[in-house]
>>> print(open('protein34.txt').read())   # compact mmCIF, C-alpha atoms and all ligand atoms
# COMPACT_ATOMS: atom_id res chain seq x y z
CA MET A 1 40.13 -66.73 45.49
CA ALA A 2 40.66 -69.24 48.23
CA SER A 3 40.81 -67.79 51.67
CA LEU A 4 44.39 -67.32 52.95
CA LYS A 5 45.61 -67.51 56.50
CA CYS A 6 47.12 -64.54 58.33
CA ALA A 7 50.89 -64.94 58.86
CA MET A 8 50.60 -63.70 62.41
CA CYS A 9 47.35 -64.94 63.92
CA GLY A 10 46.27 -67.64 61.47
CA GLY A 11 42.92 -65.93 60.91
CA ASP A 12 41.19 -65.93 57.55
CA THR A 13 42.12 -63.16 55.20
CA GLU A 14 42.29 -62.14 51.58
CA LEU A 15 44.86 -59.39 52.01
CA ILE A 16 48.27 -59.98 50.46
CA CYS A 17 51.47 -57.93 50.72
CA CYS A 18 51.48 -55.98 47.46
CA ILE A 19 55.28 -56.03 47.12
CA CYS A 20 56.25 -59.69 47.56
CA LYS A 21 52.74 -61.13 47.11
CA SER A 22 53.90 -63.90 49.43
CA ALA A 23 52.53 -62.91 52.82
CA SER A 24 48.94 -62.53 53.92
CA TYR A 25 47.46 -60.65 56.86
CA CYS A 26 44.04 -60.27 58.38
CA SER A 27 44.63 -56.68 59.38
CA VAL A 28 47.06 -53.76 59.28
CA SER A 29 47.81 -54.45 62.93
CA CYS A 30 49.00 -58.00 62.16
CA GLN A 31 50.97 -56.71 59.20
CA GLN A 32 52.74 -54.14 61.38
CA LYS A 33 53.69 -56.77 63.93
CA ASP A 34 55.30 -58.88 61.24
CA ALA A 35 56.98 -55.91 59.53
CA PRO A 36 60.52 -55.99 61.05
CA LEU A 37 61.00 -59.61 60.01
CA HIS A 38 59.04 -59.34 56.79
CA LYS A 39 61.11 -56.38 55.57
CA LEU A 40 64.27 -58.49 55.62
CA LEU A 41 63.15 -60.36 52.53
CA CYS A 42 60.04 -58.70 51.12
CA ASP A 43 61.64 -56.35 48.59
CA ARG A 44 64.14 -58.97 47.49
CA PHE A 45 61.50 -61.60 46.90
CA GLU A 46 60.32 -60.57 43.45
CA SER A 47 63.77 -59.52 42.26
CA PHE A 48 65.13 -62.92 43.25
CA LEU A 49 62.46 -64.65 41.22
CA ALA A 50 63.05 -62.31 38.30
CA SER A 51 66.82 -62.77 38.17
CA ASN A 52 66.96 -66.40 39.32
CA PRO A 53 64.40 -68.38 37.38
CA ARG A 54 63.51 -71.78 38.74
CA PRO A 55 66.01 -74.38 37.46
CA ALA A 56 64.42 -76.70 34.98
CA ASP A 57 63.04 -79.99 36.24
CA THR A 58 64.67 -83.19 35.14
CA PHE A 59 63.32 -86.69 35.43
CA LYS A 60 65.02 -87.13 38.79
CA SER A 61 64.93 -83.66 40.28
CA THR A 62 62.68 -80.68 40.78
CA TYR A 63 63.38 -77.36 42.50
CA LYS A 64 61.49 -75.54 45.22
CA LEU A 65 61.95 -72.08 46.67
CA ALA A 66 63.49 -72.17 50.16
CA ILE A 67 64.88 -69.75 52.76
CA LEU A 68 68.47 -70.02 53.90
CA PHE A 69 69.57 -68.71 57.31
CA PRO A 70 73.29 -68.51 56.54
CA GLU A 71 75.83 -69.77 59.06
CA THR A 72 77.99 -66.68 59.27
CA LYS A 73 76.00 -63.86 57.69
CA LYS A 74 73.16 -61.92 59.24
CA LEU A 75 71.16 -61.70 56.05
CA LEU A 76 68.44 -64.08 54.96
CA GLU A 77 68.67 -65.55 51.48
CA LEU A 78 66.27 -67.12 49.05
CA ILE A 79 67.51 -70.25 47.31
CA TRP A 80 66.26 -72.96 45.00
CA ILE A 81 66.57 -76.26 46.79
CA GLU A 82 66.86 -79.39 44.70
CA THR A 83 64.51 -82.19 45.60
CA ARG A 84 65.79 -85.47 44.22
CA LEU A 85 64.13 -88.71 43.50
CA THR A 86 65.84 -91.24 45.77
CA TYR A 87 65.17 -94.87 46.43
CA LYS A 88 64.17 -95.69 50.02
CA GLU A 89 65.35 -99.21 50.58
CA GLU A 90 63.48 -99.83 53.84
CA GLU A 91 60.18 -98.77 52.39
CA ASP A 92 60.92 -100.08 48.93
CA LYS A 93 59.81 -96.95 47.21
CA TRP A 94 61.06 -93.89 45.38
CA GLU A 95 60.68 -90.51 47.08
CA TYR A 96 61.72 -86.93 46.63
CA ASP A 97 64.27 -85.79 49.22
CA CYS A 98 65.83 -82.37 49.62
CA ASN A 99 69.47 -82.03 48.72
CA PHE A 100 70.93 -79.68 51.35
CA ASP A 101 74.61 -80.44 50.59
CA GLN A 102 75.29 -77.14 48.88
CA TYR A 103 74.03 -75.06 51.83
CA ILE A 104 74.72 -77.14 54.92
CA GLU A 105 78.27 -78.36 55.30
CA GLY A 106 79.05 -81.56 57.17
CA GLY A 107 75.69 -83.26 56.66
CA ALA A 108 72.25 -81.80 57.33
CA VAL A 109 70.21 -82.74 60.37
CA GLU A 110 66.54 -82.80 59.45
CA LEU A 111 63.87 -82.13 62.02
CA ASP A 112 61.21 -84.75 62.44
CA ALA A 113 57.98 -84.02 60.69
CA GLU A 114 56.37 -84.29 64.11
CA GLU A 115 58.24 -81.28 65.39
CA THR A 116 57.11 -79.07 62.59
CA VAL A 117 53.65 -80.52 62.38
CA LYS A 118 52.04 -77.23 63.38
CA TRP A 119 53.23 -75.69 60.17
CA PRO A 120 54.00 -77.62 57.02
CA LEU A 121 57.74 -76.96 56.94
CA LYS A 122 60.89 -78.97 56.65
CA ILE A 123 63.79 -77.50 58.62
CA ALA A 124 67.35 -78.74 58.17
CA TYR A 125 70.44 -77.51 60.01
CA GLY A 126 74.13 -78.28 60.39
CA PRO A 127 75.88 -80.82 62.63
CA LYS A 128 77.35 -80.02 66.04
CA ILE A 129 80.78 -79.29 64.64
CA ARG A 130 79.44 -76.24 62.84
CA GLN A 131 79.33 -72.73 64.28
CA HIS A 132 76.30 -71.21 65.96
CA ASN A 133 74.04 -69.69 63.38
CA ALA A 134 74.69 -65.96 63.23
CA CYS A 135 71.53 -65.24 61.25
CA LEU A 136 69.21 -66.98 63.69
CA GLY A 137 71.01 -65.34 66.62
CA PHE A 138 70.50 -62.00 64.96
CA LEU A 139 66.78 -62.56 64.60
CA ILE A 140 66.11 -63.98 68.03
CA ARG A 141 68.47 -61.95 70.14
CA GLY A 142 68.21 -58.84 68.03
CA SER A 143 71.95 -58.88 67.57
CA GLY A 144 74.41 -61.35 66.17
CA LYS A 145 75.94 -62.03 69.54
CA LEU A 146 75.69 -65.57 70.77
CA GLY A 147 77.27 -67.39 73.65
CA SER A 148 76.66 -64.76 76.29
CA PRO A 149 76.83 -64.70 79.26
CA GLY A 150 77.95 -68.33 79.39
CA ASP A 151 78.05 -71.07 76.80
CA ASP A 152 75.24 -72.90 78.55
CA ALA A 153 72.98 -69.92 78.15
CA ASP A 154 72.65 -70.58 74.47
CA GLN A 155 72.51 -74.30 74.49
CA ILE A 156 68.96 -74.31 73.21
CA LEU A 157 69.57 -71.86 70.42
CA SER A 158 72.80 -73.53 69.49
CA GLU A 159 70.98 -76.75 68.70
CA TYR A 160 70.57 -75.16 65.32
CA ARG A 161 74.07 -74.81 63.95
CA GLY A 162 75.49 -74.13 60.57
CA GLY A 163 73.29 -72.97 57.75
CA ILE A 164 69.58 -73.56 58.22
CA VAL A 165 67.26 -74.23 55.31
CA THR A 166 63.49 -74.16 55.59
CA VAL A 167 61.32 -75.38 52.76
CA GLY A 168 57.57 -75.84 52.59
CA THR A 169 56.03 -79.30 52.66
CA LEU A 170 52.71 -80.72 51.62
CA LYS A 171 50.81 -83.63 52.99
CA THR A 172 50.68 -86.00 50.09
CA ASN A 173 48.64 -89.00 49.37
CA ALA A 174 51.14 -91.85 48.89
CA LYS A 175 49.64 -92.67 45.55
CA LYS A 176 50.05 -89.14 44.30
CA ASP A 177 53.07 -87.70 42.56
CA HIS A 178 55.90 -87.47 45.07
CA LYS A 179 57.09 -84.33 43.35
CA GLU A 180 54.33 -82.68 45.33
CA ARG A 181 55.90 -83.53 48.65
CA TYR A 182 57.49 -80.07 48.82
CA ARG A 183 56.24 -76.61 47.95
CA ASP A 184 57.75 -73.16 47.48
CA ILE A 185 58.39 -71.26 50.68
CA THR A 186 56.24 -68.19 51.39
CA MET A 187 56.85 -65.16 53.53
CA ASN A 188 54.23 -66.53 55.93
CA ASP A 189 56.54 -69.51 56.41
CA LEU A 190 59.35 -67.17 57.44
CA ARG A 191 57.32 -66.00 60.42
CA HIS A 192 56.40 -69.58 61.25
CA SER A 193 60.04 -70.67 61.10
CA LEU A 194 61.15 -67.98 63.51
CA THR A 195 58.27 -68.76 65.87
CA PHE A 196 59.39 -72.37 65.82
CA PHE A 197 62.96 -71.44 66.78
CA CYS A 198 61.69 -69.13 69.49
CA GLU A 199 59.85 -72.02 71.08
CA TRP A 200 63.24 -73.42 71.95
CA ILE A 201 64.48 -70.49 73.94
CA TYR A 202 63.40 -69.73 77.46
CA ALA A 203 65.29 -66.59 78.28
CA HIS A 204 66.28 -63.48 76.47
CA TYR A 205 69.23 -61.65 77.95
CA SER A 206 67.72 -58.25 77.73
CA THR A 207 64.50 -56.64 78.83
CA ASP A 208 63.84 -55.63 75.26
CA LEU A 209 62.52 -58.23 72.91
CA SER A 210 64.12 -58.54 69.54
CA PRO A 211 62.00 -56.57 67.04
CA PHE A 212 61.87 -59.70 64.90
CA VAL A 213 60.18 -61.75 67.60
CA VAL A 214 56.42 -61.34 68.01
CA LEU A 215 56.07 -58.54 70.46
CA ASP A 216 52.77 -59.21 72.12
CA LYS A 217 53.36 -62.80 73.07
CA PRO A 218 51.79 -62.82 76.52
CA THR A 219 54.14 -65.40 77.93
CA TRP A 220 57.19 -63.16 78.12
CA ILE A 221 57.66 -61.91 81.66
CA LYS A 222 60.54 -60.13 83.34
CA GLY A 223 62.78 -62.43 85.32
CA VAL A 224 66.28 -62.12 86.73
CA THR A 225 69.46 -64.07 86.22
CA ILE A 226 71.74 -64.42 89.21
CA GLY A 227 75.27 -64.95 88.00
CA SER A 228 77.69 -67.58 89.28
CA VAL A 229 81.39 -67.00 89.90
CA TYR A 230 81.96 -68.12 86.32
CA THR A 231 79.56 -65.71 84.62
CA MET A 232 80.82 -62.91 86.86
CA SER A 233 84.32 -63.63 85.62
CA LEU A 234 83.01 -62.97 82.11
CA GLY A 235 82.11 -59.46 83.17
CA CYS A 236 78.36 -60.03 83.57
CA GLY A 237 76.47 -58.36 86.38
CA LYS A 238 75.36 -60.31 89.45
CA TYR A 239 71.69 -59.59 88.83
CA VAL A 240 70.67 -59.23 85.21
CA SER A 241 67.15 -58.48 84.08
CA GLU A 242 65.90 -60.60 81.25
CA LEU A 243 62.72 -61.73 79.58
CA VAL A 244 61.59 -65.25 80.30
CA GLN A 245 59.24 -67.24 78.11
CA HIS A 246 57.97 -69.71 80.64
CA ASP A 247 55.66 -71.85 78.54
CA THR A 248 58.20 -72.95 75.96
CA LYS A 249 59.61 -76.41 75.32
CA PRO A 250 62.82 -75.95 77.34
CA PHE A 251 60.75 -75.09 80.41
CA GLN A 252 58.78 -78.28 80.06
CA ASN A 253 62.03 -80.26 80.25
CA ILE A 254 63.61 -78.36 83.08
CA LYS A 255 63.19 -79.00 86.75
CA THR A 256 62.19 -75.74 88.28
CA PHE A 257 61.92 -75.39 91.99
CA THR A 258 60.13 -73.03 94.21
CA SER A 259 61.96 -70.95 96.74
CA PRO A 260 60.55 -71.91 100.18
CA ILE A 261 61.56 -68.67 101.87
CA LEU A 262 60.10 -66.49 99.20
CA THR A 263 56.84 -68.36 99.11
CA HIS A 264 56.33 -67.41 102.75
CA LEU A 265 57.23 -63.84 101.95
CA GLY A 266 54.59 -63.64 99.27
CA PHE A 267 56.86 -64.00 96.27
CA PRO A 268 56.15 -67.29 94.60
CA LEU A 269 59.51 -67.49 92.90
CA SER A 270 60.65 -70.28 90.61
CA ILE A 271 64.33 -70.99 90.17
CA ILE A 272 65.86 -72.77 87.23
CA THR A 273 69.43 -73.50 86.37
CA GLU A 274 70.89 -72.91 82.96
CA ASN A 275 71.88 -76.53 82.77
CA SER A 276 68.77 -78.51 81.95
CA SER A 277 70.51 -81.87 82.11
CA LEU A 278 71.48 -81.63 85.77
CA ASP A 279 70.80 -84.75 87.74
CA TRP A 280 69.77 -83.43 91.12
CA SER A 281 70.57 -86.63 92.94
CA LEU A 282 74.20 -86.19 91.92
CA LEU A 283 74.23 -82.55 92.81
CA GLU A 284 76.19 -82.85 96.02
CA LYS A 285 79.03 -84.63 94.31
CA ASP A 286 79.23 -82.75 91.09
CA LEU A 287 78.65 -79.14 91.74
CA ARG A 288 81.06 -78.15 94.38
CA ASP A 289 83.62 -76.51 92.19
CA ASP A 290 84.13 -72.81 92.68
CA GLU A 291 83.10 -71.78 89.19
CA ASN A 292 79.56 -72.85 89.90
CA SER A 293 79.43 -71.04 93.19
CA ASN A 294 76.37 -68.88 93.57
CA GLU A 295 75.79 -67.89 97.17
CA GLU A 296 72.88 -65.61 96.36
CA GLY A 297 70.99 -68.22 94.36
CA THR A 298 71.55 -70.76 97.11
CA MET A 299 70.28 -68.33 99.70
CA LEU A 300 66.89 -68.21 98.01
CA LEU A 301 66.59 -71.98 98.21
CA LYS A 302 66.84 -72.28 101.95
CA GLY A 303 64.06 -74.13 103.71
CA THR A 304 61.86 -72.57 106.37
CA ASN A 305 59.06 -75.02 106.91
CA PRO A 306 58.64 -75.55 110.69
CA SER A 307 56.06 -78.32 110.43
CA SER A 308 58.18 -80.61 108.31
CA ASP A 309 59.82 -83.59 109.96
CA HIS A 310 62.78 -83.17 107.68
CA SER A 311 65.58 -81.46 109.48
CA SER A 312 66.62 -80.43 105.99
CA TRP A 313 63.75 -78.02 105.81
CA TRP A 314 65.32 -75.62 108.25
CA ASN A 315 68.01 -73.49 106.70
CA ARG A 316 68.93 -76.17 104.23
CA THR A 317 68.65 -76.05 100.52
CA CYS A 318 65.47 -77.73 99.40
CA LEU A 319 65.69 -79.63 96.19
CA PRO A 320 62.95 -81.74 94.68
CA GLY A 321 63.77 -85.43 94.64
CA CYS A 322 66.74 -84.91 96.89
CA ASN A 323 65.76 -86.11 100.38
CA ASN A 324 69.08 -85.47 101.93
CA SER A 325 69.28 -81.86 100.90
CA PRO A 326 72.78 -80.52 101.32
CA THR A 327 73.48 -77.56 103.55
CA ASN A 328 75.95 -76.16 101.12
CA PHE A 329 76.34 -76.71 97.42
CA ASN A 330 76.92 -74.83 94.21
CA ILE A 331 74.20 -74.35 91.68
CA GLY A 332 75.81 -72.20 89.01
CA THR A 333 73.97 -69.46 87.23
CA VAL A 334 70.25 -69.47 87.92
CA THR A 335 67.25 -67.70 86.47
CA VAL A 336 64.39 -66.70 88.71
CA TYR A 337 60.89 -65.65 87.76
CA ARG A 338 57.57 -65.34 89.50
CA ASN A 339 55.16 -68.28 89.38
CA ASP A 340 52.22 -65.91 89.20
CA HIS A 341 53.67 -64.47 85.98
CA LYS A 342 54.19 -61.01 87.36
CA ASP A 343 57.39 -59.19 86.52
CA ILE A 344 60.26 -59.06 88.97
CA SER A 345 63.22 -56.70 88.74
CA GLU A 346 66.89 -57.27 89.48
CA HIS A 347 66.69 -54.69 92.30
CA HIS A 348 63.89 -56.61 93.84
CA VAL A 349 65.78 -59.90 93.75
CA GLU A 350 68.86 -58.21 95.12
CA ALA A 351 66.81 -56.93 98.06
CA LEU A 352 65.28 -60.36 98.69
CA VAL A 353 68.70 -61.99 98.77
CA SER A 354 69.97 -59.27 101.06
CA TYR A 355 67.01 -59.81 103.39
CA CYS A 356 67.60 -63.55 103.53
CA LYS A 357 71.29 -63.07 104.18
CA ASN A 358 71.28 -60.16 106.60
CA VAL A 359 68.02 -60.64 108.48
CA LEU A 360 66.71 -64.18 108.19
CA GLN A 361 69.96 -66.07 108.43
CA VAL A 362 70.91 -64.03 111.46
CA ALA A 363 67.54 -64.58 113.12
CA MET A 364 67.72 -68.33 112.58
CA LYS A 365 70.77 -68.65 114.78
CA ASP A 366 70.72 -68.78 118.57
CA GLU A 367 73.01 -66.77 120.81
CA SER A 368 75.94 -69.10 120.30
CA GLY A 369 75.61 -68.85 116.52
CA VAL A 370 74.10 -72.31 116.05
CA TYR A 371 71.01 -72.70 113.90
CA ASP A 372 68.09 -72.68 116.26
CA GLU A 373 65.91 -75.77 116.00
CA HIS A 374 63.44 -74.81 118.72
CA ASP A 375 61.60 -71.63 117.94
CA LYS A 376 61.16 -72.16 114.24
CA GLN A 377 57.56 -71.05 114.17
CA ALA A 378 58.30 -67.94 116.22
CA ILE A 379 61.12 -66.96 113.88
CA ILE A 380 58.93 -67.46 110.86
CA ASP A 381 56.08 -65.49 112.41
CA THR A 382 58.43 -62.64 113.20
CA TYR A 383 60.66 -62.48 110.16
CA ILE A 384 59.08 -64.26 107.26
CA THR A 385 56.27 -61.86 106.69
CA LEU A 386 55.60 -59.52 103.85
CA ALA A 387 55.34 -56.55 106.23
CA LYS A 388 58.77 -57.25 107.69
CA PHE A 389 60.31 -57.56 104.26
CA CYS A 390 58.65 -54.37 103.00
CA GLU A 391 60.03 -52.52 106.00
CA TYR A 392 63.49 -53.86 105.17
CA PHE A 393 63.04 -53.03 101.51
CA GLU A 394 62.36 -49.38 102.33
CA SER A 395 65.67 -49.05 104.18
CA PHE A 396 67.42 -51.07 101.49
CA LYS A 397 66.14 -48.68 98.83
CA LYS A 398 67.24 -45.63 100.82
CA ASN A 399 70.70 -47.01 101.35
CA LYS A 400 71.04 -48.05 97.73
CA PHE A 401 69.53 -44.83 96.53
CA SER A 402 72.00 -42.63 98.42
CA LYS A 403 74.84 -44.56 96.79
CA GLU A 404 73.21 -44.18 93.38
CA THR A 405 72.76 -40.45 93.96
CA ALA A 406 76.39 -40.00 94.85
CA TYR A 407 77.31 -41.75 91.66
CA ARG A 408 74.74 -40.05 89.50
CA ARG A 409 75.51 -36.56 90.74
CA ARG A 410 78.47 -36.72 88.43
CA ALA A 411 76.17 -37.77 85.62
CA LYS A 412 72.99 -35.92 84.68
CA PRO A 413 70.60 -34.17 87.06
CA GLY A 414 67.24 -35.91 87.01
CA GLU A 415 68.82 -39.33 86.54
CA ALA A 416 68.57 -39.93 90.26
CA CYS A 417 64.78 -39.81 90.04
CA LYS A 418 64.93 -42.59 87.50
CA ALA A 419 67.05 -44.62 89.88
CA LEU A 420 64.41 -44.23 92.55
CA GLU A 421 61.69 -45.34 90.19
CA LEU A 422 63.55 -48.57 89.60
CA TYR A 423 63.06 -49.41 93.23
CA GLN A 424 59.35 -48.80 93.29
CA ILE A 425 57.66 -52.13 93.64
CA THR A 426 54.25 -53.52 94.02
CA VAL A 427 53.88 -56.52 96.20
CA GLY A 428 51.13 -59.08 96.14
ZN ZN B 501 46.08 -61.63 61.81
ZN ZN B 502 55.99 -58.42 51.27
>>> encode(input="protein34.txt", output="structure tokens", more="lines below")
Ligand SMILES: [Zn+2]
Ligand SMILES: [Zn+2]
Amino acid sequence: MASLKCAMCGGDTELICCICKSASYCSVSCQQKDAPLHKLLCDRFESFLASNPRPADTFKSTYKLAILFPETKKLLELIWIETRLTYKEEEDKWEYDCNFDQYIEGGAVELDAEETVKWPLKIAYGPKIRQHNACLGFLIRGSGKLGSPGDDADQILSEYRGGIVTVGTLKTNAKKDHKERYRDITMNDLRHSLTFFCEWIYAHYSTDLSPFVVLDKPTWIKGVTIGSVYTMSLGCGKYVSELVQHDTKPFQNIKTFTSPILTHLGFPLSIITENSSLDWSLLEKDLRDDENSNEEGTMLLKGTNPSSDHSSWWNRTCLPGCNNSPTNFNIGTVTVYRNDHKDISEHHVEALVSYCKNVLQVAMKDESGVYDEHDKQAIIDTYITLAKFCEYFESFKKNKFSKETAYRRRAKPGEACKALELYQITVG
């Protein structure tokens, strides 16, 4: 028997799932990791084949097994996709193309082969007018809920709308039979499809990963979303913990910027906005509406560099590629995470914002309340130190903790200890 590849790690293996006979694993550990996703189709695999025999080939069409992520249901389906012989005028040749009409309303959008080159798959999805895909949302978010906390939050995921069909492909020699351009889908392909979709998300609005997503992916770290006026109006918290996958495709396209204040404090924090298409040079003009107001996020972007010639570096928001950094602007909802890939909690970010607002901003002003341009270095030496922040954080915790205790006294005894644990941090 030819050596198979493990669905999870790609390692060589000869072990096959004994129920569907369509997934292979190198070890029990890899099999267990894949289990939540695998179970969604495994026991239906053989029964589908038994009760839905492959439609007979005709001269012009042949059928391949494919997986459908339905538009409105949360259940995966197996289907037979017709591949039809069609004439390609530009290339002056006949080729087999998939006919997605039955499953994807409004015209399928097919991903470039380049995008799925890692795994031999063809992925087709619906046009923009279609709904978000409930099935994909269910798998990635672990629930069917999409569009939260703001529409922008799911812009990456919502690229894939309507029904989604994935079918296996084969690299064919042009001279060979074009019927062999596609192949039946396997359960290994299901894992690969989901991994592909996950590459297009950068944040996960929960600190728990969906059980369907690979759990031990080392690139997920805990970050924090700071809500704007708009997301707050939707009932979301100001600081929301979430998992961030910082090495994915969306991150490569997004301008992230480092918080100058926090770098001095020892927290190398990156800040990204939900809107990846923002043109920062237009920022001053475009983002002054109240809905995008986010005082806390802005606070973290204040400049503190005393050696810079730019006057903008002192208590002004520092934006890359924006020389004339505005003193006041609105950035909308932002997500922050640590550059050194350590976790950061919402309590921690809340304390940092509070420190900037209540200690630093106050210290930066002279007696008459004007921002002091003279003793920059002295202010930095005194206030922008880790020791000073840690001291503040202790009192912040105590204050917060007493409020939590008062609240929790009405709840369960022992809960207060948990609240205290949340504020334990390690710095460095
Ligand atoms: Zn493996
Ligand atoms: Zn199976």
>>> residues_near_ligand(input="protein34.txt", ligand="ligand ZN 501 (chain B)", cutoff="12 Å", atoms="all atoms listed in the file", output="PyMOL selection string")
chain A and resi 4-16+23-34+188
>>> residues_near_point(input="protein34.txt", point="(71.0, -71.0, 94.8)", cutoff="9 Å", atoms="only C-alpha atoms", output="VMD selection string")
chain A and resid 226 271 273 293 to 302 317 329 to 334
>>> residues_near_ligand(input="protein34.txt", ligand="ligand ZN 502 (chain B)", cutoff="6 Å", atoms="all atoms listed in the file", output="list in words")
Cys17, Ile19, Cys20, Lys21, Ala23 and Cys42 of chain A
>>> closest_residue(input="protein34.txt", among="A:Leu262, A:Ile164, A:Val336, A:Ile379", to="Cys356 of chain A", atoms="all atoms listed in the file")
A:Leu262
>>> atom_distance(input="protein34.txt", atom1="atom CA of Ala203 of chain A", atom2="atom CA of Val244 of chain A")
4.4 Å
>>> residues_around(input="protein34.txt", residues="Val359 of chain A", least_positions_apart="5", cutoff="12 Å", atoms="only C-alpha atoms", output="list in words")
Met299, Ala351, Leu352, Val353, Ser354, Met364, Lys365, Ile379, Ile380, Thr382, Tyr383, Ile384, Thr385, Lys388, Phe389, Glu391, Tyr392, Phe393 and Phe396 of chain A
>>> atom_distance(input="protein34.txt", atom1="atom CA of Lys222 of chain A", atom2="atom CA of Leu75 of chain A")
29.3 Å
>>> atom_distance(input="protein34.txt", atom1="atom CA of Phe212 of chain A", atom2="atom CA of Lys249 of chain A")
19.8 Å
>>> residues_around(input="protein34.txt", residues="Gly303 of chain A", least_positions_apart="2", cutoff="7 Å", atoms="all atoms listed in the file", output="ChimeraX atom specification")
/A:260-261,301,305,313-318
>>> residues_around(input="protein34.txt", residues="His192 of chain A", least_positions_apart="3", cutoff="10 Å", atoms="only C-alpha atoms", output="list of chain:residue names")
A:Ala7, A:Met8, A:Thr116, A:Lys118, A:Trp119, A:Pro120, A:Leu121, A:Thr186, A:Met187, A:Asn188, A:Asp189, A:Thr195, A:Phe196, A:Phe197, A:Cys198
>>> closest_residue(input="protein34.txt", among="A:Arg44, A:Lys122, A:His264, A:Arg181", to="Ser193 of chain A", atoms="all atoms listed in the file")
A:Lys122
>>> residues_around(input="protein34.txt", residues="Lys128 of chain A", least_positions_apart="3", cutoff="8 Å", atoms="only C-alpha atoms", output="CSV table (one decimal) with C-alpha atoms, in the frame of the given file")
chain,number,residue,atom,x,y,z
A,131,GLN,CA,79.3,-72.7,64.3
A,159,GLU,CA,71.0,-76.8,68.7
A,161,ARG,CA,74.1,-74.8,64.0
>>> closest_residue(input="protein34.txt", among="A:Ile221, A:Ala134, A:Ala35, A:Val165", to="Glu82 of chain A", atoms="all atoms listed in the file")
A:Val165
>>> closest_residue(input="protein34.txt", among="A:Lys60, A:Lys357, A:Val214, A:Glu105", to="Tyr87 of chain A", atoms="all atoms listed in the file")
A:Lys60
>>> build_atoms(input="protein34.txt", residues="segment 89-101 of chain A", atoms="N, CA and C atoms", output="compact mmCIF listing (two decimals), keeping the file's coordinate frame")
# COMPACT_ATOMS: atom_id res chain seq x y z
N GLU A 89 65.26 -97.75 50.54
CA GLU A 89 65.35 -99.21 50.58
C GLU A 89 64.37 -99.83 51.58
N GLU A 90 64.32 -99.24 52.79
CA GLU A 90 63.48 -99.83 53.84
C GLU A 90 62.01 -99.88 53.42
N GLU A 91 61.59 -98.82 52.75
CA GLU A 91 60.18 -98.77 52.39
C GLU A 91 59.92 -99.27 50.97
N ASP A 92 61.00 -99.59 50.30
CA ASP A 92 60.92 -100.08 48.93
C ASP A 92 60.11 -99.14 48.03
N LYS A 93 60.49 -97.87 48.11
CA LYS A 93 59.81 -96.95 47.21
C LYS A 93 60.70 -95.75 46.88
N TRP A 94 60.33 -95.08 45.81
CA TRP A 94 61.06 -93.89 45.38
C TRP A 94 60.39 -92.66 45.98
N GLU A 95 61.25 -91.72 46.51
CA GLU A 95 60.68 -90.51 47.08
C GLU A 95 61.56 -89.31 46.78
N TYR A 96 60.94 -88.14 46.81
CA TYR A 96 61.72 -86.93 46.63
C TYR A 96 62.27 -86.46 47.97
N ASP A 97 63.60 -86.29 48.02
CA ASP A 97 64.27 -85.79 49.22
C ASP A 97 64.99 -84.50 48.89
N CYS A 98 65.11 -83.62 49.87
CA CYS A 98 65.83 -82.37 49.62
C CYS A 98 67.33 -82.61 49.64
N ASN A 99 68.02 -81.95 48.75
CA ASN A 99 69.47 -82.03 48.72
C ASN A 99 70.06 -80.76 49.34
N PHE A 100 70.46 -80.87 50.62
CA PHE A 100 70.93 -79.68 51.35
C PHE A 100 72.45 -79.48 51.25
N ASP A 101 73.14 -80.42 50.58
CA ASP A 101 74.61 -80.44 50.59
C ASP A 101 75.25 -79.09 50.28
